[in-house]
Amino acid sequence: MALTIKEVEHVAQLARLKLTEEEKVKFAQQLSTVLDYADTLNAISTEGVEPLIHILPIRNVFREDQRKPSMEREEILANAPLAEGFQYKVPKIM
């Protein structure tokens, strides 16, 4: 499927691109090659072929969630530059 210069200009306009005449010719050839390849892929029979989610047999490798006790407040606040009561104290923004 050969793309015309007019079609390349239309695509360039949609993408808000300014192309030189040489670029229009070059892109017409390159885009035509891509579309020809897509036509080749469309011609292949995929009857009975299951769609792939991923090419490799990947499974979820995360561990199960487990309840654990949280850290003590004093231990957490020990790293704070400023703390007041059981809260971090930060500079006023407004």
# chains A, B, ... in the order shown; residues from 1 in each chain; ligands from 1
$ residues_around --residues "Glu7 (chain A)" --least-positions-apart "4" --cutoff "12 Å" --atoms "only C-alpha atoms" --output "list in words"
Met1, Ala2, Leu3, Val11, Ala12, Gln13, Leu14, Lys24, Val25, Phe27, Ala28, Gln29, Leu31 and Ser32 of chain A
$ select_by_dssp --residues "chain A" --states "helix (DSSP H, G or I)" --output "number ranges by chain"
A: 5-14, 21-43, 73-77
$ atom_distance --atom1 "CA of Val34 (chain A)" --atom2 "CA of Glu9 (chain A)"
17.0 Å
$ select_by_dssp --residues "chain A" --states "strand (DSSP E or B)" --output "PDB file with N, CA and C atoms, in the first residue's frame"
ATOM      1  N   ALA A  83       9.492  16.854  66.435  1.00  0.00           N
ATOM      2  CA  ALA A  83       8.276  16.122  66.765  1.00  0.00           C
ATOM      3  C   ALA A  83       7.594  16.833  67.917  1.00  0.00           C
ATOM      4  N   GLU A  84       6.277  16.801  67.866  1.00  0.00           N
ATOM      5  CA  GLU A  84       5.506  17.398  68.951  1.00  0.00           C
ATOM      6  C   GLU A  84       4.404  16.415  69.309  1.00  0.00           C
ATOM      7  N   GLN A  87       3.338  13.440  66.762  1.00  0.00           N
ATOM      8  CA  GLN A  87       3.252  13.873  65.372  1.00  0.00           C
ATOM      9  C   GLN A  87       4.575  14.481  64.926  1.00  0.00           C
ATOM     10  N   TYR A  88       4.800  14.439  63.597  1.00  0.00           N
ATOM     11  CA  TYR A  88       5.917  15.165  63.012  1.00  0.00           C
ATOM     12  C   TYR A  88       5.560  16.647  63.017  1.00  0.00           C
TER      13      TYR A  88
END
$ atom_distance --atom1 "CA of Ser45 (chain A)" --atom2 "CA of Ile58 (chain A)"
26.1 Å
